[in-house]
Amino acid sequence: MDRLSEQAQAVIAQMPDYEVYGKVTKVLGLLVEIAGFGQGLSIGSHVHIRPNEDLDIPCEVVGFKDDHALLMPFGSLEGISLGSRAYIQREKPVIMPHDNWAGRVINGLGQPIDGKGPLMPGAHAIPLRNKPPAPHSRQRVEEQLDLGVRAVNSFLATCRGQRMGIFSGSGVGKSVLLSMMARYTEAEISVIGLIGERGREVQEFLEDDLGEEGLKRSVVVVATGDEPALMRRQAAYVTMCIAEHYRNQGKKVLCLMDSLTRFAMAQREIGLSVGEPPTTKGYPPTTFGELARLLERAGPGAQGQGSITGLFSVLVEGDDHNEPISDAVRGIVDGHIVMRREIADRGRYPAIDVLKSVSRSMPEAVSPMRNDILKRAKQIITTYENMEELIRLGAYRKGSDPAVDEAIMLYPQIEEFLGQRKGDRSSIDQSFEMLAQIVGMIDSAEREPVAPATT
């Protein structure tokens with residue numbers, strides 16, 4: 001009863017005691033100008049335009065011009081006319097997550113879209129643009145987190161509280177890789193943001209990729225590609241808010257976002273609409289600042305809190321891994337997983353290029369023996385790929401180089417090890433045992449926790 005009372009008080013506290021409104025003076029494209037709002041607005045404030053009693057169109061303030069506020073809508077502008085009243089929401093935009101949101105699918109406004117009834121609000125409000133914990137108060141990243149994928153558990157050990165980027169072209173399998181991690185991870189809760197996703201693929205992701213068991217301990221936030229830019233951007237903020245809610249409770253959280261590129265594209269649409277100057281590939285300066293602010297919210301919490309392990313996909317345009325968003329994200333996150341179309345074309349999934357991928361918590365995240373196993377496996381892969389063209393053409397003679405002969409024998413086994421079906425799970429210990437057996441070494445399984453890197 002006390003808990004219910006606390007929640008009711010929190011909801012009541014968000015209700016205004018009076019309303020302030022302005023009026024629509026201009027509609028141009030996706031921009032709406034309003035006047036007569038006094039001093040009640042700031043960048044990021046929410047406004048509700050109500051042309052009539054049956055229509056309520058939520059908007060956000062994105063700029064000011066000549067004593068007018070510039071708004072962008074979260075939905076369609078249909079029905080808005082000159083003189084329509086615009087009611088100002090004086091409180092900062094917040095979301096109030098609750099523990100029982102696990103297993104639910106919501107939109108960028110925090111509203112349920114899965115047909116399972118309303119969501120119970122939590123007792124604590126989290127600002128949509130929340131600030132990350134102070135750097136001096138944050139804990140260090142913890143021990144390795146089991147993600148259930150062999151290639152990642154072995155070659156790209158990811159610690160609790162680490163942030164990793166998954167860089168991939170379209171159709172290379174990044175969404176399936178994310179769903180495998182969400183389904184098989186040892187994290188207590190997964191928060192998944194599908195930003196700008198194709199509408200027809202959402203149900204496939206929930207039913208086929210994530211599965212019933214994966215959904216039970218996940219909260220999924222969806223903003224499809226046909227929704228306004230503001231809704232796509234806000235879905236990313238809501239995803240992070242929910243992850244922060246669970247982190248504040250001391251839980252190990254896995255935050256998956258697909259994709260950061262579509263978040264950046266949404267910010268580009270917003271920035272250009274309000275007159276920001278375009279820079280590289282048309283992205284305005286605020287895009288890169290918003291990326292940093294969003295990603296810094298993930299990671300370990302303050303003392304006594306849990307951690308958010310972030311895995312953020314980046315859709316590289318034209319398979320160019322050096323395009324602006326990829327470059328910006330690589331400089332912010334704590335490692336990158338590179339997926340290559342050439343690997344997918346030869347039928348190996350997940351199509352991770354372990355030589356081009358880096359985890360900045362390595363090698364301190366695993367034991368010295370396991371580091372030796374990885375070093376030997378990488379040497380074998382490098383030796384084979386350096387000679388691959390000659391081997392394929394038949395120009396290499398067996399016996400010319402013992403290292404190449406060994407690589408020819410072991411490379412197919414390592415390739416088979418790196419491949420993994422969607423329905424399979426491989427723990428950290430299983431992954432290293434399999435790899436050690438392939439390269440002819442023994443995994444002594446030094447189980448003592450190894451202090452992870454702080455980079």
# chains A, B, ... in the order shown; residues from 1 in each chain; ligands from 1
>>> closest_atom_pairs(of="stretch 220-336 of chain A", to="stretch 149-154 of chain A", cutoff="12 Å", atoms="only C-alpha atoms", output="CSV")
residue,atom,partner,partner_atom,distance
A:Leu311,CA,A:Val152,CA,11.7
A:Gly335,CA,A:Val152,CA,11.6
A:His336,CA,A:Val152,CA,10.8
>>> write_last_selection(atoms="C-alpha atoms", output="mmCIF file, in the first residue's frame")
data_model
loop_
_atom_site.group_PDB
_atom_site.id
_atom_site.type_symbol
_atom_site.label_atom_id
_atom_site.label_comp_id
_atom_site.auth_asym_id
_atom_site.auth_seq_id
_atom_site.Cartn_x
_atom_site.Cartn_y
_atom_site.Cartn_z
ATOM 1 C CA LEU A 311 26.364 -2.665 -27.434
ATOM 2 C CA GLY A 335 36.001 -1.155 -28.485
ATOM 3 C CA HIS A 336 34.514 -2.118 -31.830
#
>>> select_by_dssp(residues="stretch 320-426 of chain A", states="alpha helix (DSSP H)", output="ChimeraX atom specification")
/A:324-330,341-345,368-393,402-418
>>> closest_residue(among="A:Val27, A:Leu390, A:Ile414, A:Val220", to="A:Val354", atoms="only C-alpha atoms")
A:Ile414
>>> closest_residue(among="A:Gly79, A:Asp405, A:Pro412, A:Asp327", to="A:Asp54", atoms="only C-alpha atoms")
A:Gly79
>>> closest_atom_pairs(of="stretch 217-302 of chain A", to="stretch 200-208 of chain A", cutoff="10 Å", atoms="only C-alpha atoms", output="Markdown table")
| residue | atom | partner | partner_atom | distance |
| --- | --- | --- | --- | --- |
| A:Val220 | CA | A:Leu206 | CA | 8.8 |
| A:Val222 | CA | A:Val202 | CA | 8.0 |
| A:Ala223 | CA | A:Val202 | CA | 9.7 |
| A:Thr224 | CA | A:Val202 | CA | 8.4 |
>>> closest_atom_pairs(of="stretch 222-298 of chain A", to="stretch 179-192 of chain A", cutoff="8 Å", atoms="only C-alpha atoms", output="Markdown table")
| residue | atom | partner | partner_atom | distance |
| --- | --- | --- | --- | --- |
| A:Thr239 | CA | A:Val191 | CA | 6.5 |
| A:Ile242 | CA | A:Val191 | CA | 7.1 |
| A:Ala243 | CA | A:Val191 | CA | 6.0 |
| A:Tyr246 | CA | A:Ile189 | CA | 7.8 |
| A:Lys251 | CA | A:Glu188 | CA | 6.5 |
| A:Lys252 | CA | A:Ala187 | CA | 5.3 |
| A:Val253 | CA | A:Ile189 | CA | 5.2 |
| A:Leu254 | CA | A:Ser190 | CA | 4.7 |
| A:Cys255 | CA | A:Val191 | CA | 4.8 |
| A:Leu256 | CA | A:Ile192 | CA | 4.7 |
| A:Met257 | CA | A:Ile192 | CA | 5.8 |
| A:Asp258 | CA | A:Ile192 | CA | 8.0 |
>>> write_last_selection(atoms="N, CA and C atoms", output="CSV table (one decimal), in the first residue's frame")
chain,number,residue,atom,x,y,z
A,239,THR,N,15.3,4.5,-24.3
A,239,THR,CA,16.1,3.2,-24.0
A,239,THR,C,17.1,3.4,-22.9
A,242,ILE,N,15.5,3.8,-19.3
A,242,ILE,CA,15.1,2.5,-18.7
A,242,ILE,C,16.3,1.7,-18.2
A,243,ALA,N,17.4,1.7,-19.0
A,243,ALA,CA,18.6,1.1,-18.6
A,243,ALA,C,19.2,1.7,-17.3
A,246,TYR,N,17.3,0.5,-14.1
A,246,TYR,CA,17.7,-0.8,-13.6
A,246,TYR,C,19.2,-0.7,-13.0
A,251,LYS,N,21.6,-3.4,-10.7
A,251,LYS,CA,21.5,-4.6,-11.6
A,251,LYS,C,22.5,-4.5,-12.7
A,252,LYS,N,22.9,-5.7,-13.2
A,252,LYS,CA,23.7,-5.8,-14.4
A,252,LYS,C,22.8,-5.7,-15.6
A,253,VAL,N,23.0,-4.6,-16.3
A,253,VAL,CA,22.1,-4.3,-17.4
A,253,VAL,C,22.9,-4.4,-18.8
A,254,LEU,N,22.2,-5.0,-19.7
A,254,LEU,CA,22.8,-5.1,-21.1
A,254,LEU,C,21.9,-4.2,-21.9
A,255,CYS,N,22.5,-3.1,-22.5
A,255,CYS,CA,21.7,-2.1,-23.3
A,255,CYS,C,22.1,-2.3,-24.8
A,256,LEU,N,21.2,-2.7,-25.6
A,256,LEU,CA,21.5,-2.9,-27.0
A,256,LEU,C,20.7,-1.9,-27.8
A,257,MET,N,21.4,-1.3,-28.8
A,257,MET,CA,20.7,-0.2,-29.6
A,257,MET,C,21.0,-0.5,-31.1
A,258,ASP,N,20.0,-0.5,-31.9
A,258,ASP,CA,20.1,-0.8,-33.3
A,258,ASP,C,19.3,0.2,-34.1
>>> residues_around(residues="A:Val172", least_positions_apart="6", cutoff="10 Å", atoms="only C-alpha atoms", output="PyMOL selection string")
chain A and resi 315+339-345+349-352
>>> closest_residue(among="A:Gly211, A:Gly271, A:Gly299, A:Pro285", to="A:Lys422", atoms="only C-alpha atoms")
A:Gly211
>>> residues_around(residues="stretch 35-49 of chain A", least_positions_apart="6", cutoff="9 Å", atoms="only C-alpha atoms", output="MDAnalysis selection string")
chainID A and resid 20:25 55:64 67:69 71 80 84:93 129
>>> closest_residue(among="A:Pro132, A:Pro112, A:Pro324, A:Gly318", to="A:Gly282", atoms="only C-alpha atoms")
A:Pro324
>>> residues_around(residues="A:Ser137", least_positions_apart="5", cutoff="10 Å", atoms="only C-alpha atoms", output="list in words")
Pro300, Gly301, Ala302 and Gln303 of chain A
>>> atom_distance(atom1="atom CA of A:Ala436", atom2="atom CA of A:Val404")
19.1 Å
